[in-house]
file query-v9.tsv (TSV, C-alpha atoms)
chain	number	residue	atom	x	y	z
A	22	MET	CA	55.14	-5.02	-69.29
A	23	LYS	CA	58.11	-7.36	-69.91
A	24	GLU	CA	60.00	-4.66	-71.89
A	25	GLY	CA	59.49	-2.12	-69.04
A	26	THR	CA	60.71	-4.62	-66.46
A	27	THR	CA	63.87	-5.31	-68.51
A	28	ILE	CA	64.67	-1.58	-68.81
A	29	THR	CA	64.17	-1.09	-65.04
A	30	LYS	CA	66.56	-3.95	-64.25
A	31	LEU	CA	69.13	-2.52	-66.67
A	32	VAL	CA	68.97	0.91	-65.03
A	33	MET	CA	69.32	-0.64	-61.57
A	34	PHE	CA	72.33	-2.63	-62.74
A	35	LEU	CA	74.02	0.47	-64.18
A	36	LEU	CA	73.44	2.40	-60.96
A	37	ALA	CA	74.91	-0.41	-58.86
A	38	ALA	CA	77.92	-0.62	-61.18
A	39	CYS	CA	78.53	3.15	-60.88
A	40	LEU	CA	78.37	2.99	-57.08
A	41	ALA	CA	80.78	0.05	-57.02
A	42	VAL	CA	83.27	1.91	-59.23
A	43	TYR	CA	82.97	5.03	-57.06
A	44	PHE	CA	83.67	3.17	-53.81
A	45	ALA	CA	86.52	1.24	-55.42
A	46	VAL	CA	88.20	4.46	-56.55
A	47	TYR	CA	87.59	6.00	-53.10
A	48	LEU	CA	89.16	3.05	-51.29
A	49	PHE	CA	92.08	2.92	-53.72
A	50	ARG	CA	92.86	6.60	-53.23
A	51	GLY	CA	92.52	6.20	-49.48
A	52	MET	CA	95.05	3.35	-49.47
A	53	THR	CA	97.52	4.90	-51.90
A	54	ASP	CA	97.24	8.56	-50.89
A	55	PRO	CA	96.07	8.73	-47.25
A	56	LEU	CA	97.07	12.37	-46.79
A	57	THR	CA	95.21	13.98	-43.91
A	58	THR	CA	95.91	17.45	-42.56
A	59	ALA	CA	94.71	19.63	-39.72
A	60	VAL	CA	95.07	23.29	-38.82
A	61	ALA	CA	97.37	24.28	-35.95
A	62	TYR	CA	95.74	26.93	-33.79
A	63	THR	CA	96.67	28.91	-30.70
A	64	TYR	CA	95.98	27.34	-27.33
A	65	THR	CA	97.01	28.46	-23.84
A	66	VAL	CA	98.14	25.98	-21.21
A	67	ASN	CA	97.37	27.12	-17.69
A	68	ASP	CA	99.15	25.97	-14.57
A	69	SER	CA	96.11	26.32	-12.37
A	70	VAL	CA	93.76	24.78	-9.82
A	71	LYS	CA	89.97	24.89	-9.72
A	72	ALA	CA	88.04	25.60	-6.55
A	73	GLU	CA	84.54	26.21	-5.20
A	74	ALA	CA	84.47	29.72	-3.79
A	75	LEU	CA	82.26	32.17	-1.94
A	76	ILE	CA	82.14	35.90	-2.69
A	77	VAL	CA	82.00	38.07	0.41
A	78	ARG	CA	81.29	41.81	0.67
A	79	GLN	CA	80.55	44.45	3.30
A	80	GLU	CA	76.76	44.54	2.86
A	81	GLN	CA	73.85	46.29	4.52
A	82	VAL	CA	70.33	44.86	4.03
A	83	LEU	CA	67.50	47.30	3.33
A	84	PRO	CA	64.22	46.48	5.14
A	85	ALA	CA	61.18	46.29	2.90
A	86	GLY	CA	58.71	48.28	4.99
A	87	VAL	CA	54.95	48.14	4.37
A	88	GLY	CA	53.32	48.62	0.98
A	89	ILE	CA	54.08	48.22	-2.71
A	90	ALA	CA	57.76	48.96	-3.27
A	91	ASP	CA	59.12	50.79	-6.30
A	92	VAL	CA	62.91	50.38	-6.21
A	93	THR	CA	64.61	53.32	-7.92
A	94	PRO	CA	68.32	52.38	-8.45
A	95	GLY	CA	69.35	49.68	-10.90
A	96	GLU	CA	71.51	46.66	-10.15
A	97	GLY	CA	75.09	47.72	-9.52
A	98	GLU	CA	74.23	51.44	-9.44
A	99	ARG	CA	76.02	53.76	-7.03
A	100	VAL	CA	73.86	55.49	-4.40
A	101	GLY	CA	74.73	58.23	-1.95
A	102	ALA	CA	74.06	58.43	1.76
A	103	GLY	CA	70.49	59.62	2.31
A	104	GLN	CA	69.49	58.93	-1.31
A	105	THR	CA	66.07	57.42	-2.01
A	106	VAL	CA	66.38	53.73	-2.89
A	107	ALA	CA	62.68	52.86	-2.90
A	108	VAL	CA	59.26	54.49	-2.77
A	109	LEU	CA	56.57	52.63	-0.78
A	110	TYR	CA	52.93	52.95	-1.88
A	111	ARG	CA	50.26	51.95	0.62
A	112	ASP	CA	47.97	50.37	-1.99
A	113	SER	CA	47.35	50.09	-5.73
A	114	GLN	CA	45.51	53.42	-5.79
A	115	ALA	CA	48.61	55.17	-4.49
A	116	LEU	CA	50.65	53.45	-7.20
A	117	ASP	CA	48.18	54.56	-9.88
A	118	ARG	CA	48.43	58.11	-8.55
A	119	LYS	CA	52.20	57.99	-9.11
A	120	ALA	CA	51.61	57.20	-12.80
A	121	GLN	CA	49.18	60.13	-13.07
A	122	ILE	CA	51.67	62.51	-11.48
A	123	GLN	CA	54.38	61.28	-13.81
A	124	GLN	CA	52.19	61.76	-16.88
A	125	LEU	CA	51.04	65.24	-15.88
A	126	THR	CA	54.59	66.33	-14.98
A	127	LEU	CA	55.78	65.22	-18.40
A	128	GLU	CA	52.94	67.04	-20.14
A	129	ALA	CA	53.67	70.25	-18.21
A	130	GLU	CA	57.34	70.02	-19.18
A	131	LEU	CA	56.45	69.63	-22.84
A	132	LEU	CA	53.95	72.48	-22.81
A	133	GLN	CA	56.54	74.80	-21.29
A	134	TYR	CA	59.03	73.72	-23.94
A	135	ALA	CA	56.57	74.29	-26.78
A	136	THR	CA	55.67	77.80	-25.60
A	137	THR	CA	59.34	78.85	-25.69
A	138	GLN	CA	59.90	77.88	-29.35
A	139	THR	CA	60.11	81.05	-31.44
A	140	ASP	CA	61.23	79.34	-34.68
A	141	PRO	CA	59.76	75.82	-34.82
A	142	GLY	CA	60.96	75.18	-38.33
A	143	GLY	CA	64.63	75.33	-37.41
A	144	GLY	CA	64.55	72.45	-34.92
A	145	VAL	CA	62.58	69.79	-36.82
A	146	ALA	CA	65.62	67.71	-37.67
A	147	GLU	CA	66.97	67.93	-34.11
A	148	LEU	CA	63.70	66.72	-32.57
A	149	GLU	CA	63.53	63.85	-35.06
A	150	GLN	CA	67.07	62.89	-34.08
A	151	ASP	CA	66.05	62.93	-30.41
A	152	VAL	CA	63.34	60.36	-31.20
A	153	VAL	CA	65.78	58.18	-33.14
A	154	ARG	CA	68.38	58.33	-30.35
A	155	ALA	CA	65.78	57.40	-27.73
A	156	VAL	CA	64.65	54.39	-29.80
A	157	ILE	CA	68.25	53.22	-30.26
A	158	ALA	CA	69.01	53.57	-26.53
A	159	LEU	CA	65.88	51.61	-25.60
A	160	ARG	CA	66.62	48.86	-28.11
A	161	THR	CA	70.29	48.64	-27.05
A	162	ASP	CA	69.48	48.23	-23.36
A	163	GLY	CA	66.79	45.67	-24.14
A	164	ALA	CA	69.12	43.59	-26.33
A	165	ALA	CA	71.86	43.73	-23.68
A	166	GLY	CA	69.48	42.64	-20.94
A	167	ASP	CA	70.02	45.89	-19.02
A	168	PHE	CA	66.49	46.19	-17.62
A	169	GLY	CA	67.44	48.39	-14.68
A	170	ARG	CA	67.17	51.53	-16.85
A	171	LEU	CA	64.29	50.29	-18.99
A	172	GLU	CA	61.68	52.54	-17.37
A	173	ASP	CA	63.90	55.61	-17.85
A	174	ARG	CA	64.50	54.69	-21.49
A	175	VAL	CA	60.75	54.39	-22.12
A	176	LEU	CA	60.17	57.79	-20.53
A	177	ASP	CA	62.93	59.33	-22.65
A	178	LEU	CA	61.32	57.96	-25.80
A	179	LYS	CA	57.88	59.13	-24.76
A	180	ARG	CA	59.27	62.59	-23.94
A	181	ALA	CA	60.99	62.86	-27.32
A	182	VAL	CA	57.88	61.81	-29.28
A	183	LEU	CA	55.51	64.08	-27.37
A	184	LYS	CA	57.92	67.03	-27.57
A	185	ARG	CA	57.92	66.69	-31.34
A	186	ASP	CA	54.13	66.37	-31.51
A	187	TYR	CA	53.43	69.29	-29.19
A	188	THR	CA	55.85	71.56	-31.01
A	189	TYR	CA	54.86	70.76	-34.59
A	190	GLY	CA	51.51	69.04	-34.50
A	191	GLN	CA	49.04	69.71	-31.75
A	192	GLY	CA	49.79	73.31	-30.90
A	193	VAL	CA	49.70	74.82	-27.41
A	194	ASP	CA	46.67	75.65	-25.27
A	195	PRO	CA	47.82	78.20	-22.65
A	196	SER	CA	44.98	77.32	-20.25
A	197	ARG	CA	46.03	73.67	-20.25
A	198	LEU	CA	49.24	74.43	-18.34
A	199	ASN	CA	47.29	76.07	-15.50
A	200	GLU	CA	44.92	73.12	-15.33
A	201	ILE	CA	47.82	70.64	-15.13
A	202	SER	CA	49.44	72.63	-12.32
A	203	ARG	CA	46.21	72.53	-10.33
A	204	GLN	CA	45.82	68.76	-10.81
A	205	LEU	CA	49.43	68.12	-9.83
A	206	ARG	CA	49.08	70.05	-6.56
A	207	ALA	CA	46.00	68.03	-5.63
A	208	LEU	CA	47.59	64.67	-6.46
A	209	GLN	CA	50.82	65.47	-4.64
A	210	THR	CA	48.93	66.52	-1.52
A	211	ARG	CA	47.10	63.18	-1.45
A	212	SER	CA	50.29	61.20	-2.13
A	213	THR	CA	51.96	62.52	1.04
A	214	GLN	CA	49.38	60.57	3.06
A	215	ASP	CA	49.93	57.11	1.53
A	216	THR	CA	53.48	57.24	0.16
A	217	SER	CA	56.79	56.90	2.03
A	218	ARG	CA	60.45	56.51	1.08
A	219	VAL	CA	63.34	54.23	2.01
A	220	TYR	CA	66.73	55.94	2.17
A	221	ALA	CA	70.27	54.57	2.00
A	222	ARG	CA	71.94	54.98	5.39
A	223	GLU	CA	75.40	54.78	3.81
A	224	ALA	CA	76.83	55.40	0.37
A	225	GLY	CA	77.59	52.33	-1.71
A	226	THR	CA	76.49	50.09	-4.56
A	227	PHE	CA	72.91	48.84	-4.76
A	228	SER	CA	71.94	45.21	-5.35
A	229	ALA	CA	68.43	43.79	-5.36
A	230	GLN	CA	69.61	40.27	-4.49
A	231	VAL	CA	69.45	39.22	-0.84
A	232	ASP	CA	70.56	35.61	-0.37
A	233	GLY	CA	71.28	35.16	3.34
A	234	TYR	CA	75.07	35.49	3.11
A	235	GLU	CA	75.04	39.19	3.96
A	236	ASP	CA	76.05	38.44	7.55
A	237	ILE	CA	79.40	37.00	6.39
A	238	THR	CA	81.74	39.99	6.59
A	239	PRO	CA	85.27	40.17	5.16
A	240	ASP	CA	86.68	40.03	8.72
A	241	ALA	CA	84.70	36.86	9.40
A	242	ALA	CA	85.83	35.37	6.08
A	243	ALA	CA	89.48	35.87	7.05
A	244	ARG	CA	88.92	33.53	10.04
A	245	LEU	CA	87.23	30.73	8.07
A	246	THR	CA	88.65	27.21	8.10
A	247	PRO	CA	88.17	24.79	5.17
A	248	LEU	CA	85.35	23.01	7.03
A	249	ASP	CA	83.68	26.35	7.86
A	250	LEU	CA	83.73	27.31	4.19
A	251	ASP	CA	82.36	23.89	3.18
A	252	THR	CA	79.43	24.48	5.53
A	253	LEU	CA	78.72	27.90	4.06
A	254	LEU	CA	78.89	26.63	0.48
A	255	ASP	CA	76.44	23.84	1.34
A	256	ARG	CA	74.06	26.17	3.16
A	257	GLY	CA	72.30	27.39	0.04
A	258	VAL	CA	70.38	30.58	-0.65
A	259	LEU	CA	68.17	31.97	2.11
A	260	SER	CA	66.14	34.67	0.39
A	261	ASP	CA	64.44	37.30	2.53
A	262	GLU	CA	61.14	38.58	1.13
A	263	ARG	CA	61.11	41.30	3.79
A	264	ALA	CA	64.15	42.95	2.24
A	265	LEU	CA	64.16	45.48	-0.62
A	266	GLY	CA	67.77	44.76	-1.46
A	267	LYS	CA	71.11	45.74	-0.01
A	268	ILE	CA	73.82	48.36	-0.15
A	269	ILE	CA	77.39	47.18	-0.64
A	270	THR	CA	79.20	49.76	1.44
A	271	ALA	CA	82.82	49.05	0.43
A	272	ASN	CA	84.40	48.97	-3.02
A	273	ARG	CA	86.66	46.00	-2.21
A	274	TRP	CA	85.08	42.56	-2.52
A	275	TYR	CA	86.47	39.21	-1.40
A	276	LEU	CA	86.67	35.62	-2.59
A	277	ALA	CA	87.10	32.75	-0.13
A	278	ALA	CA	88.22	29.44	-1.68
A	279	ASN	CA	89.55	26.11	-0.42
A	280	LEU	CA	92.79	25.13	-2.17
A	281	PRO	CA	95.07	22.10	-1.70
A	282	VAL	CA	97.96	22.88	0.63
A	283	ASP	CA	100.57	22.63	-2.14
A	284	ALA	CA	98.59	25.12	-4.25
A	285	ALA	CA	98.08	27.52	-1.34
A	286	GLU	CA	101.80	27.47	-0.61
A	287	ARG	CA	102.45	28.88	-4.09
A	288	LEU	CA	100.60	32.07	-3.14
A	289	THR	CA	102.24	34.98	-1.32
A	290	LEU	CA	100.41	37.23	1.12
A	291	GLY	CA	100.02	40.74	-0.25
A	292	LYS	CA	100.84	39.66	-3.81
A	293	THR	CA	98.34	39.17	-6.62
A	294	ALA	CA	96.98	36.03	-8.22
A	295	VAL	CA	94.92	35.66	-11.38
A	296	VAL	CA	91.43	34.27	-10.79
A	297	ARG	CA	89.37	33.16	-13.78
A	298	PHE	CA	85.58	33.48	-13.57
A	299	THR	CA	83.17	31.84	-15.99
A	300	GLY	CA	79.48	32.17	-16.80
A	301	ASP	CA	77.83	35.58	-17.07
A	302	PHE	CA	80.96	37.22	-15.59
A	303	SER	CA	83.63	35.66	-17.79
A	304	ARG	CA	86.85	37.44	-16.94
A	305	ASP	CA	90.35	37.02	-15.48
A	306	VAL	CA	90.72	39.20	-12.38
A	307	ASP	CA	93.95	40.12	-10.62
A	308	MET	CA	93.17	39.60	-6.93
A	309	ARG	CA	95.26	40.35	-3.85
A	310	VAL	CA	96.05	37.47	-1.47
A	311	ASP	CA	94.78	38.69	1.91
A	312	SER	CA	94.96	35.60	4.13
A	313	ILE	CA	95.76	31.88	4.10
A	314	SER	CA	94.35	29.68	6.85
A	315	GLN	CA	96.10	26.88	8.68
A	316	PRO	CA	95.93	23.52	6.84
A	317	GLN	CA	92.95	21.29	7.56
A	318	ASP	CA	92.27	17.98	5.82
A	319	GLY	CA	94.99	18.78	3.29
A	320	ARG	CA	93.45	22.14	2.36
A	321	CYS	CA	93.75	25.82	3.21
A	322	THR	CA	91.13	28.54	2.96
A	323	VAL	CA	92.53	31.39	0.90
A	324	LEU	CA	90.96	34.85	0.96
A	325	LEU	CA	91.57	37.06	-2.09
A	326	SER	CA	90.20	40.51	-2.87
A	327	SER	CA	89.81	43.09	-5.60
A	328	ASP	CA	88.57	46.68	-5.86
A	329	ARG	CA	87.61	46.34	-9.53
A	330	TYR	CA	84.45	45.09	-11.28
A	331	LEU	CA	82.23	45.45	-8.19
A	332	ALA	CA	79.23	46.61	-10.23
A	333	ASP	CA	79.60	43.56	-12.50
A	334	THR	CA	79.74	41.04	-9.64
A	335	THR	CA	76.88	42.14	-7.36
A	336	LEU	CA	74.76	39.11	-8.35
A	337	LEU	CA	77.58	36.57	-7.87
A	338	ARG	CA	77.91	34.56	-4.67
A	339	ARG	CA	78.92	30.90	-5.02
A	340	GLN	CA	81.32	30.42	-7.89
A	341	THR	CA	83.54	27.77	-9.45
A	342	VAL	CA	86.78	29.60	-10.18
A	343	GLU	CA	90.24	28.80	-11.49
A	344	VAL	CA	93.30	30.19	-9.73
A	345	ILE	CA	95.99	30.56	-12.40
A	346	PHE	CA	99.65	30.45	-11.31
A	347	ASP	CA	101.21	30.57	-14.78
A	348	SER	CA	100.16	30.57	-18.44
A	349	ASP	CA	102.11	29.29	-21.41
A	350	PRO	CA	100.77	30.02	-24.92
A	351	GLY	CA	101.28	27.38	-27.61
A	352	LEU	CA	99.74	25.68	-30.62
A	353	ARG	CA	97.28	22.81	-30.53
A	354	VAL	CA	97.89	19.94	-32.98
A	355	PRO	CA	96.58	16.35	-33.24
A	356	LYS	CA	98.70	13.70	-31.53
A	357	ASP	CA	99.22	11.82	-34.79
A	358	ALA	CA	100.85	14.93	-36.28
A	359	VAL	CA	103.74	14.88	-33.78
A	360	HIS	CA	106.83	12.84	-34.71
A	361	ILE	CA	110.08	12.04	-32.90
A	362	LEU	CA	113.03	11.71	-35.27
A	363	THR	CA	116.17	9.97	-34.01
A	364	LYS	CA	119.56	10.20	-35.68
A	365	THR	CA	123.09	9.27	-34.73
A	366	VAL	CA	125.67	12.06	-34.43
A	367	THR	CA	129.41	11.93	-33.74
A	368	ASP	CA	131.02	14.19	-31.16
A	369	LYS	CA	133.86	16.05	-32.95
A	370	GLU	CA	136.07	16.17	-29.84
A	371	THR	CA	135.62	12.65	-28.45
A	372	GLY	CA	134.61	10.80	-31.60
A	373	GLN	CA	131.81	9.09	-29.67
A	374	GLU	CA	128.49	8.45	-31.33
A	375	GLN	CA	125.25	9.28	-29.62
A	376	LYS	CA	121.60	9.29	-30.57
A	377	VAL	CA	119.76	12.60	-30.67
A	378	SER	CA	115.98	12.84	-30.74
A	379	THR	CA	114.08	15.76	-32.26
A	380	THR	CA	110.37	16.35	-31.79
A	381	GLY	CA	108.42	18.12	-34.51
A	382	VAL	CA	105.57	18.14	-36.99
A	383	TYR	CA	105.41	18.05	-40.77
A	384	ALA	CA	103.64	21.08	-42.21
A	385	LEU	CA	102.30	21.24	-45.75
A	386	VAL	CA	104.12	24.17	-47.40
A	387	ASN	CA	103.76	24.77	-51.16
A	388	GLY	CA	102.98	21.11	-51.81
A	389	GLN	CA	105.93	19.83	-49.75
A	390	ALA	CA	106.28	18.34	-46.28
A	391	GLU	CA	108.42	20.63	-44.12
A	392	PHE	CA	109.63	19.41	-40.72
A	393	LYS	CA	109.23	22.02	-37.98
A	394	LYS	CA	110.72	21.50	-34.52
A	395	VAL	CA	108.44	21.81	-31.50
A	396	GLN	CA	108.42	21.20	-27.76
A	397	VAL	CA	105.43	19.45	-26.17
A	398	LEU	CA	103.95	21.60	-23.39
A	399	ALA	CA	100.83	19.64	-22.49
A	400	GLU	CA	98.86	16.60	-23.54
A	401	GLY	CA	95.14	16.12	-24.06
A	402	THR	CA	93.14	13.05	-24.97
A	403	GLN	CA	93.69	13.46	-28.72
A	404	PHE	CA	96.02	16.44	-28.97
A	405	TYR	CA	99.28	18.01	-27.87
A	406	VAL	CA	99.94	21.64	-27.09
A	407	VAL	CA	103.35	22.45	-28.55
A	408	LYS	CA	105.77	25.37	-28.54
A	409	PRO	CA	107.58	26.16	-31.84
A	410	LEU	CA	111.38	25.92	-31.61
A	411	ASP	CA	112.46	26.89	-35.13
A	412	GLU	CA	113.04	30.46	-36.22
A	413	GLY	CA	112.38	32.42	-39.39
A	414	LYS	CA	110.41	30.83	-42.21
A	415	ARG	CA	110.57	27.34	-40.72
A	416	VAL	CA	108.78	28.24	-37.48
A	417	LEU	CA	105.39	26.63	-36.93
A	418	ARG	CA	102.63	29.25	-36.85
A	419	ALA	CA	98.94	29.32	-36.12
A	420	GLY	CA	97.01	28.53	-39.28
A	421	ASN	CA	99.65	26.18	-40.75
A	422	GLN	CA	98.38	22.90	-42.19
A	423	VAL	CA	100.07	20.07	-40.29
A	424	ILE	CA	100.14	16.58	-41.79
A	425	VAL	CA	98.31	14.10	-39.59
A	426	ARG	CA	98.67	11.03	-41.81
A	427	ALA	CA	100.67	10.24	-44.96
A	428	HIS	CA	102.92	7.47	-46.32
A	429	ASP	CA	106.69	7.66	-45.94
A	430	LEU	CA	107.01	11.23	-44.72
A	431	TYR	CA	110.33	13.05	-44.79
A	432	ASP	CA	111.46	16.67	-44.90
A	433	GLY	CA	111.04	18.03	-48.42
A	434	LYS	CA	108.81	15.26	-49.72
A	435	VAL	CA	106.37	16.39	-52.43
A	436	VAL	CA	102.81	15.54	-51.37
A	437	GLN	CA	99.46	16.05	-53.00
A	438	GLU	CA	96.48	17.51	-51.19
call {"tool": "encode", "arguments": {"input": "query-v9.tsv", "output": "structure tokens"}}
result
Amino acid sequence: MKEGTTITKLVMFLLAACLAVYFAVYLFRGMTDPLTTAVAYTYTVNDSVKAEALIVRQEQVLPAGVGIADVTPGEGERVGAGQTVAVLYRDSQALDRKAQIQQLTLEAELLQYATTQTDPGGGVAELEQDVVRAVIALRTDGAAGDFGRLEDRVLDLKRAVLKRDYTYGQGVDPSRLNEISRQLRALQTRSTQDTSRVYAREAGTFSAQVDGYEDITPDAAARLTPLDLDTLLDRGVLSDERALGKIITANRWYLAANLPVDAAERLTLGKTAVVRFTGDFSRDVDMRVDSISQPQDGRCTVLLSSDRYLADTTLLRRQTVEVIFDSDPGLRVPKDAVHILTKTVTDKETGQEQKVSTTGVYALVNGQAEFKKVQVLAEGTQFYVVKPLDEGKRVLRAGNQVIVRAHDLYDGKVVQE
């Protein structure tokens, strides 16, 4: 037992000695060679202002009617005047009858297709490809969250699979087609008594979301004051369960935002401004400045509009946006990497001496510190956004290693990574 205890203590001592040597070497290298670098990367500085905004459109609410509604268009889909936007079923039996009609109609279509095939062997590969394409389309829409067309995609897949099976597997029973036709006539006759339709009164873009702001028209938005807009933004969503959805009847949509007076004065009526959206609709949109209200409490209500991306913005209403006046691309580097070098120069004509300051960073190039001139564009908490001033090989580029910390730096100094 004593011999084992002695060996254990010896091993512990050796381990402690190794750790002490390791930390001593680490600290020594840190004190004698404190080289630290960082990567310069592209960064855009925006001259902009953020604002809470309200999206306004010319919208027409669709009444729900009585019964179980089956809305036919998807979100953001175009509909024509007089087009069916929903089918109303009086009860669950009427809804079940719709599924039966759909199934029998599909079967009749497939039977007719199968009876017209004179050379089944030649189209095997094509039918298999139809199945594969239907599966890919269904999976793509599901992954993208595009559920508006999900029912159609399922039907396409079912049609492709059954078409293949009817043509090459089950065979065709001629009497079956007559039986299906008889059943369809009976079901359709009964459906006329407990099924009705809702039609679009005007052409436009469909949206299923009704939030209570549909009564705010673009003309009304142009007359808003900053306090009026504050009230609307604070009002919240007022959903209407009696509505099936709405039709957006104009392609141009509007954005009302309260901006500080000095920011609003930088906009010009009739000209465009860049508005940055975030979230699900993350995009910079060029929008026309349509109106600017009179100042109130140091703010103006600005109304902007666009005739693009309507289908992508149908679900947006209250938004935090950024109005961008100007953008300046640069490179982001740590603050400790930026140096100001001062030297004394003599004017050749007057002989007077003056001090000249140069701002730049040291980049690690082939084991040497190379000074690269920059101009500071913006400042963050721990970084600067800079614009390169040199030309040719000495210009600072994205991806360069800039030296954040090192002893006695100068242009051309050999440093070790």
call {"tool": "closest_atom_pairs", "arguments": {"input": "query-v9.tsv", "of": "range 61-118 of chain A", "to": "range 212-230 of chain A", "cutoff": "8 Å", "atoms": "only C-alpha atoms", "output": "tab-separated table"}}
result
residue	atom	partner	partner_atom	distance
A:Leu83	CA	A:Ala221	CA	7.9
A:Pro94	CA	A:Phe227	CA	6.9
A:Gly95	CA	A:Phe227	CA	7.1
A:Glu96	CA	A:Ser228	CA	5.0
A:Gly97	CA	A:Phe227	CA	5.4
A:Glu98	CA	A:Phe227	CA	5.5
A:Arg99	CA	A:Thr226	CA	4.4
A:Val100	CA	A:Gly225	CA	5.6
A:Gly101	CA	A:Ala224	CA	4.2
A:Ala102	CA	A:Ala224	CA	4.3
A:Gly103	CA	A:Ala221	CA	5.1
A:Gln104	CA	A:Tyr220	CA	5.4
A:Thr105	CA	A:Tyr220	CA	4.5
A:Val106	CA	A:Tyr220	CA	5.5
A:Ala107	CA	A:Val219	CA	5.1
A:Val108	CA	A:Arg218	CA	4.5
A:Leu109	CA	A:Ser217	CA	5.1
A:Tyr110	CA	A:Thr216	CA	4.8
A:Arg111	CA	A:Asp215	CA	5.3
A:Asp112	CA	A:Asp215	CA	7.9
A:Ala115	CA	A:Asp215	CA	6.5
A:Arg118	CA	A:Ser212	CA	7.4
call {"tool": "closest_residue", "arguments": {"input": "query-v9.tsv", "among": "A:Ala427, A:Ala358, A:Leu208, A:Val436", "to": "Tyr405 in chain A", "atoms": "all atoms listed in the file"}}
result
A:Ala358
call {"tool": "residues_around", "arguments": {"input": "query-v9.tsv", "residues": "Asn67 in chain A", "least_positions_apart": "6", "cutoff": "12 Å", "atoms": "only C-alpha atoms", "output": "JSON, numbers by chain"}}
result
{"A": [295, 296, 297, 343, 344, 345, 346, 347, 348, 349, 350, 351, 398, 399, 406]}
call {"tool": "write_last_selection", "arguments": {"input": "query-v9.tsv", "atoms": "C-alpha atoms", "output": "CSV table (one decimal), keeping the file's coordinate frame"}}
result
chain,number,residue,atom,x,y,z
A,295,VAL,CA,94.9,35.7,-11.4
A,296,VAL,CA,91.4,34.3,-10.8
A,297,ARG,CA,89.4,33.2,-13.8
A,343,GLU,CA,90.2,28.8,-11.5
A,344,VAL,CA,93.3,30.2,-9.7
A,345,ILE,CA,96.0,30.6,-12.4
A,346,PHE,CA,99.6,30.4,-11.3
A,347,ASP,CA,101.2,30.6,-14.8
A,348,SER,CA,100.2,30.6,-18.4
A,349,ASP,CA,102.1,29.3,-21.4
A,350,PRO,CA,100.8,30.0,-24.9
A,351,GLY,CA,101.3,27.4,-27.6
A,398,LEU,CA,104.0,21.6,-23.4
A,399,ALA,CA,100.8,19.6,-22.5
A,406,VAL,CA,99.9,21.6,-27.1
call {"tool": "residues_near_point", "arguments": {"input": "query-v9.tsv", "point": "(86.5, 26.0, 5.3)", "cutoff": "10 Å", "atoms": "all atoms listed in the file", "output": "short mmCIF file (atom, residue, chain, number, x, y, z; two decimals) with C-alpha atoms, keeping the file's coordinate frame"}}
result
data_model
loop_
_atom_site.label_atom_id
_atom_site.label_comp_id
_atom_site.auth_asym_id
_atom_site.auth_seq_id
_atom_site.Cartn_x
_atom_site.Cartn_y
_atom_site.Cartn_z
CA ALA A 242 85.83 35.37 6.08
CA ARG A 244 88.92 33.53 10.04
CA LEU A 245 87.23 30.73 8.07
CA THR A 246 88.65 27.21 8.10
CA PRO A 247 88.17 24.79 5.17
CA LEU A 248 85.35 23.01 7.03
CA ASP A 249 83.68 26.35 7.86
CA LEU A 250 83.73 27.31 4.19
CA ASP A 251 82.36 23.89 3.18
CA THR A 252 79.43 24.48 5.53
CA LEU A 253 78.72 27.90 4.06
CA LEU A 254 78.89 26.63 0.48
CA ALA A 277 87.10 32.75 -0.13
CA ALA A 278 88.22 29.44 -1.68
CA ASN A 279 89.55 26.11 -0.42
CA LEU A 280 92.79 25.13 -2.17
CA SER A 314 94.35 29.68 6.85
CA PRO A 316 95.93 23.52 6.84
CA GLN A 317 92.95 21.29 7.56
CA ASP A 318 92.27 17.98 5.82
CA ARG A 320 93.45 22.14 2.36
CA CYS A 321 93.75 25.82 3.21
CA THR A 322 91.13 28.54 2.96
CA VAL A 323 92.53 31.39 0.90
#
call {"tool": "atom_distance", "arguments": {"input": "query-v9.tsv", "atom1": "CA of Thr63 in chain A", "atom2": "CA of Asp357 in chain A"}}
result
17.8 Å
call {"tool": "atom_distance", "arguments": {"input": "query-v9.tsv", "atom1": "CA of Val377 in chain A", "atom2": "CA of Lys434 in chain A"}}
result
22.1 Å
call {"tool": "atom_distance", "arguments": {"input": "query-v9.tsv", "atom1": "CA of Arg304 in chain A", "atom2": "CA of Glu73 in chain A"}}
result
16.4 Å
call {"tool": "closest_residue", "arguments": {"input": "query-v9.tsv", "among": "A:Arg339, A:Leu178, A:Glu370, A:Ser196", "to": "Val152 in chain A", "atoms": "only C-alpha atoms"}}
result
A:Leu178
call {"tool": "residues_near_point", "arguments": {"input": "query-v9.tsv", "point": "(107.1, 10.6, -47.6)", "cutoff": "12 Å", "atoms": "all atoms listed in the file", "output": "short mmCIF file (atom, residue, chain, number, x, y, z; two decimals) with C-alpha atoms, keeping the file's coordinate frame"}}
result
data_model
loop_
_atom_site.label_atom_id
_atom_site.label_comp_id
_atom_site.auth_asym_id
_atom_site.auth_seq_id
_atom_site.Cartn_x
_atom_site.Cartn_y
_atom_site.Cartn_z
CA THR A 53 97.52 4.90 -51.90
CA ASP A 54 97.24 8.56 -50.89
CA PRO A 55 96.07 8.73 -47.25
CA LEU A 56 97.07 12.37 -46.79
CA TYR A 383 105.41 18.05 -40.77
CA LEU A 385 102.30 21.24 -45.75
CA GLN A 389 105.93 19.83 -49.75
CA ALA A 390 106.28 18.34 -46.28
CA GLU A 391 108.42 20.63 -44.12
CA PHE A 392 109.63 19.41 -40.72
CA ILE A 424 100.14 16.58 -41.79
CA ARG A 426 98.67 11.03 -41.81
CA ALA A 427 100.67 10.24 -44.96
CA HIS A 428 102.92 7.47 -46.32
CA ASP A 429 106.69 7.66 -45.94
CA LEU A 430 107.01 11.23 -44.72
CA TYR A 431 110.33 13.05 -44.79
CA ASP A 432 111.46 16.67 -44.90
CA GLY A 433 111.04 18.03 -48.42
CA LYS A 434 108.81 15.26 -49.72
CA VAL A 435 106.37 16.39 -52.43
CA VAL A 436 102.81 15.54 -51.37
CA GLN A 437 99.46 16.05 -53.00
#
